[in-house]
Amino acid sequence: VGRSEKRELRNRMVILLAHLLKWKYQSERRGSSWQDTIFEQRRSISDVVEDSPSLKPILADTEWLSRRWLGALLQAMNETGLNINIFPQECPWDMQTQIMNNHWLP
């Protein structure tokens with residue numbers, strides 16, 4: 001698997017997690033654009049994994065998710081102006097039943 005596919009998966013996961021955080025912690029600002037971004041990132045992540053099936057195990061790697069979580073926290077903090085301490089320091093969501101589930105929002 002090429003570096004570009006890994007980088008794309010990493011970047012899309014950070015965006016997805018950051019938007020899930022924004023959805024949960026700024027409920028008064030929820031809008032269709034945030035929801036669209038969440039669904040688009042999920043679809044794109046699925047597409048990347050479908051095109052490069054060897055990436056699928058990465059989604060089950062808790063250490064990998066921890067590193068993406070840190071990036072998502074920083075992005076959410078920068079985009080919302082909220083203090084980073086408001087957010088959970090570890091990802092509270094399950095990858096398959098929540099993060100990548102199109103029927104779930106926090």
# chains A, B, ... in the order shown; residues from 1 in each chain; ligands from 1

call {"tool": "residues_around", "arguments": {"residues": "range 66-74 of chain A", "least_positions_apart": "2", "cutoff": "7 Å", "atoms": "only C-alpha atoms", "output": "MDAnalysis selection string"}}
result
chainID A and resid 10 13:15 17:18 62:64 76:78 84 90:91

call {"tool": "write_last_selection", "arguments": {"atoms": "N, CA, C and O atoms", "output": "PDB file, in the first residue's frame"}}
result
ATOM      1  N   ARG A  10      -5.609   8.484   6.954  1.00  0.00           N
ATOM      2  CA  ARG A  10      -5.311   9.226   8.188  1.00  0.00           C
ATOM      3  C   ARG A  10      -6.009  10.588   8.192  1.00  0.00           C
ATOM      4  O   ARG A  10      -6.685  10.948   9.154  1.00  0.00           O
ATOM      5  N   MET A  13      -9.841  10.325   8.476  1.00  0.00           N
ATOM      6  CA  MET A  13     -10.277   9.911   9.816  1.00  0.00           C
ATOM      7  C   MET A  13     -10.204  11.085  10.785  1.00  0.00           C
ATOM      8  O   MET A  13     -11.096  11.272  11.612  1.00  0.00           O
ATOM      9  N   VAL A  14      -9.167  11.897  10.688  1.00  0.00           N
ATOM     10  CA  VAL A  14      -9.056  13.077  11.565  1.00  0.00           C
ATOM     11  C   VAL A  14     -10.229  14.026  11.310  1.00  0.00           C
ATOM     12  O   VAL A  14     -10.854  14.515  12.253  1.00  0.00           O
ATOM     13  N   ILE A  15     -10.549  14.259  10.054  1.00  0.00           N
ATOM     14  CA  ILE A  15     -11.674  15.143   9.720  1.00  0.00           C
ATOM     15  C   ILE A  15     -12.978  14.556  10.250  1.00  0.00           C
ATOM     16  O   ILE A  15     -13.799  15.272  10.845  1.00  0.00           O
ATOM     17  N   LEU A  17     -13.456  12.386  12.771  1.00  0.00           N
ATOM     18  CA  LEU A  17     -13.501  12.461  14.234  1.00  0.00           C
ATOM     19  C   LEU A  17     -13.707  13.890  14.722  1.00  0.00           C
ATOM     20  O   LEU A  17     -14.476  14.128  15.672  1.00  0.00           O
ATOM     21  N   ALA A  18     -13.050  14.856  14.089  1.00  0.00           N
ATOM     22  CA  ALA A  18     -13.209  16.256  14.484  1.00  0.00           C
ATOM     23  C   ALA A  18     -14.660  16.703  14.289  1.00  0.00           C
ATOM     24  O   ALA A  18     -15.223  17.402  15.143  1.00  0.00           O
ATOM     25  N   THR A  62      -5.925   0.191  17.800  1.00  0.00           N
ATOM     26  CA  THR A  62      -6.249   1.213  18.808  1.00  0.00           C
ATOM     27  C   THR A  62      -5.166   2.285  18.912  1.00  0.00           C
ATOM     28  O   THR A  62      -5.472   3.448  19.177  1.00  0.00           O
ATOM     29  N   GLU A  63      -3.919   1.914  18.687  1.00  0.00           N
ATOM     30  CA  GLU A  63      -2.843   2.911  18.725  1.00  0.00           C
ATOM     31  C   GLU A  63      -2.977   3.891  17.563  1.00  0.00           C
ATOM     32  O   GLU A  63      -2.794   5.104  17.723  1.00  0.00           O
ATOM     33  N   TRP A  64      -3.316   3.368  16.390  1.00  0.00           N
ATOM     34  CA  TRP A  64      -3.533   4.225  15.217  1.00  0.00           C
ATOM     35  C   TRP A  64      -4.680   5.194  15.487  1.00  0.00           C
ATOM     36  O   TRP A  64      -4.578   6.385  15.221  1.00  0.00           O
ATOM     37  N   ALA A  76     -10.640  20.071  16.235  1.00  0.00           N
ATOM     38  CA  ALA A  76     -11.914  20.507  16.820  1.00  0.00           C
ATOM     39  C   ALA A  76     -11.710  21.730  17.711  1.00  0.00           C
ATOM     40  O   ALA A  76     -12.511  22.664  17.687  1.00  0.00           O
ATOM     41  N   MET A  77     -10.644  21.732  18.484  1.00  0.00           N
ATOM     42  CA  MET A  77     -10.348  22.874  19.349  1.00  0.00           C
ATOM     43  C   MET A  77     -10.131  24.132  18.502  1.00  0.00           C
ATOM     44  O   MET A  77     -10.686  25.189  18.793  1.00  0.00           O
ATOM     45  N   ASN A  78      -9.343  24.009  17.443  1.00  0.00           N
ATOM     46  CA  ASN A  78      -9.069  25.161  16.578  1.00  0.00           C
ATOM     47  C   ASN A  78     -10.321  25.658  15.872  1.00  0.00           C
ATOM     48  O   ASN A  78     -10.502  26.864  15.691  1.00  0.00           O
ATOM     49  N   ILE A  84      -9.548  22.425  24.885  1.00  0.00           N
ATOM     50  CA  ILE A  84      -9.310  21.011  24.590  1.00  0.00           C
ATOM     51  C   ILE A  84      -9.729  20.107  25.751  1.00  0.00           C
ATOM     52  O   ILE A  84     -10.069  18.946  25.563  1.00  0.00           O
ATOM     53  N   GLU A  90      -9.418  10.392  25.320  1.00  0.00           N
ATOM     54  CA  GLU A  90      -9.351   9.155  24.535  1.00  0.00           C
ATOM     55  C   GLU A  90     -10.676   8.991  23.807  1.00  0.00           C
ATOM     56  O   GLU A  90     -11.730   9.382  24.313  1.00  0.00           O
ATOM     57  N   CYS A  91     -10.611   8.399  22.639  1.00  0.00           N
ATOM     58  CA  CYS A  91     -11.811   8.211  21.835  1.00  0.00           C
ATOM     59  C   CYS A  91     -12.814   7.308  22.558  1.00  0.00           C
ATOM     60  O   CYS A  91     -12.492   6.169  22.886  1.00  0.00           O
TER      61      CYS A  91
END

call {"tool": "residues_around", "arguments": {"residues": "Met95 in chain A", "least_positions_apart": "4", "cutoff": "9 Å", "atoms": "only C-alpha atoms", "output": "ChimeraX atom specification"}}
result
/A:59-60,65,99-101

call {"tool": "write_last_selection", "arguments": {"atoms": "N, CA and C atoms", "output": "short mmCIF file (atom, residue, chain, number, x, y, z; two decimals), in the first residue's frame"}}
result
data_model
loop_
_atom_site.label_atom_id
_atom_site.label_comp_id
_atom_site.auth_asym_id
_atom_site.auth_seq_id
_atom_site.Cartn_x
_atom_site.Cartn_y
_atom_site.Cartn_z
N LEU A 59 -7.87 0.16 10.74
CA LEU A 59 -9.06 0.70 11.41
C LEU A 59 -9.33 0.01 12.75
N ALA A 60 -8.77 -1.18 12.94
CA ALA A 60 -8.95 -1.89 14.21
C ALA A 60 -7.79 -1.66 15.18
N LEU A 65 -5.78 4.68 16.05
CA LEU A 65 -6.93 5.53 16.37
C LEU A 65 -6.55 6.58 17.40
N ILE A 99 -18.23 5.11 14.90
CA ILE A 99 -17.48 6.02 14.03
C ILE A 99 -17.80 5.79 12.55
N MET A 100 -17.81 4.54 12.12
CA MET A 100 -18.02 4.24 10.69
C MET A 100 -19.47 3.83 10.38
N ASN A 101 -20.37 4.02 11.31
CA ASN A 101 -21.77 3.64 11.12
C ASN A 101 -22.57 4.86 10.62
#

call {"tool": "select_by_dssp", "arguments": {"residues": "chain A", "states": "helix (DSSP H, G or I)", "output": "ChimeraX atom specification"}}
result
/A:3-25,27-29,32-51,53-60,62-80,84-86,95-99

call {"tool": "residues_around", "arguments": {"residues": "Val48 in chain A", "least_positions_apart": "2", "cutoff": "8 Å", "atoms": "only C-alpha atoms", "output": "PDB file with C-alpha atoms, in the first residue's frame"}}
result
ATOM      1  CA  GLU A   5      -3.415   5.896   0.563  1.00  0.00           C
ATOM      2  CA  GLU A   8      -5.564   9.860   2.809  1.00  0.00           C
ATOM      3  CA  LEU A   9      -7.011   7.387   5.326  1.00  0.00           C
ATOM      4  CA  SER A  44     -14.403   8.119   1.400  1.00  0.00           C
ATOM      5  CA  ILE A  45     -12.768   6.046   4.154  1.00  0.00           C
ATOM      6  CA  SER A  46     -14.794   3.035   3.016  1.00  0.00           C
ATOM      7  CA  GLU A  50     -12.192  -1.030  -0.540  1.00  0.00           C
ATOM      8  CA  ASP A  51      -9.518   0.061  -3.041  1.00  0.00           C
ATOM      9  CA  SER A  52      -6.699  -1.032  -0.688  1.00  0.00           C
TER      10      SER A  52
END

call {"tool": "atom_distance", "arguments": {"atom1": "CA of Pro88 in chain A", "atom2": "CA of Leu105 in chain A"}}
result
16.1 Å

call {"tool": "atom_distance", "arguments": {"atom1": "CA of Pro106 in chain A", "atom2": "CA of Lys6 in chain A"}}
result
26.1 Å

call {"tool": "closest_residue", "arguments": {"among": "A:Asn102, A:Gln96, A:Ser27, A:Thr80", "to": "Glu40 in chain A", "atoms": "only C-alpha atoms"}}
result
A:Asn102

call {"tool": "residues_around", "arguments": {"residues": "Tyr25 in chain A", "least_positions_apart": "4", "cutoff": "9 Å", "atoms": "only C-alpha atoms", "output": "VMD selection string"}}
result
chain A and resid 20 to 21 82 86 to 87

call {"tool": "write_last_selection", "arguments": {"atoms": "C-alpha atoms", "output": "mmCIF file, in the first residue's frame"}}
result
data_model
loop_
_atom_site.group_PDB
_atom_site.id
_atom_site.type_symbol
_atom_site.label_atom_id
_atom_site.label_comp_id
_atom_site.auth_asym_id
_atom_site.auth_seq_id
_atom_site.Cartn_x
_atom_site.Cartn_y
_atom_site.Cartn_z
ATOM 1 C CA LEU A 20 -18.138 14.048 15.274
ATOM 2 C CA LEU A 21 -16.671 16.013 18.189
ATOM 3 C CA LEU A 82 -13.506 25.334 22.821
ATOM 4 C CA ILE A 86 -13.827 19.801 27.290
ATOM 5 C CA PHE A 87 -13.240 16.863 24.960
#

call {"tool": "atom_distance", "arguments": {"atom1": "CA of Gln41 in chain A", "atom2": "CA of Asn11 in chain A"}}
result
9.5 Å
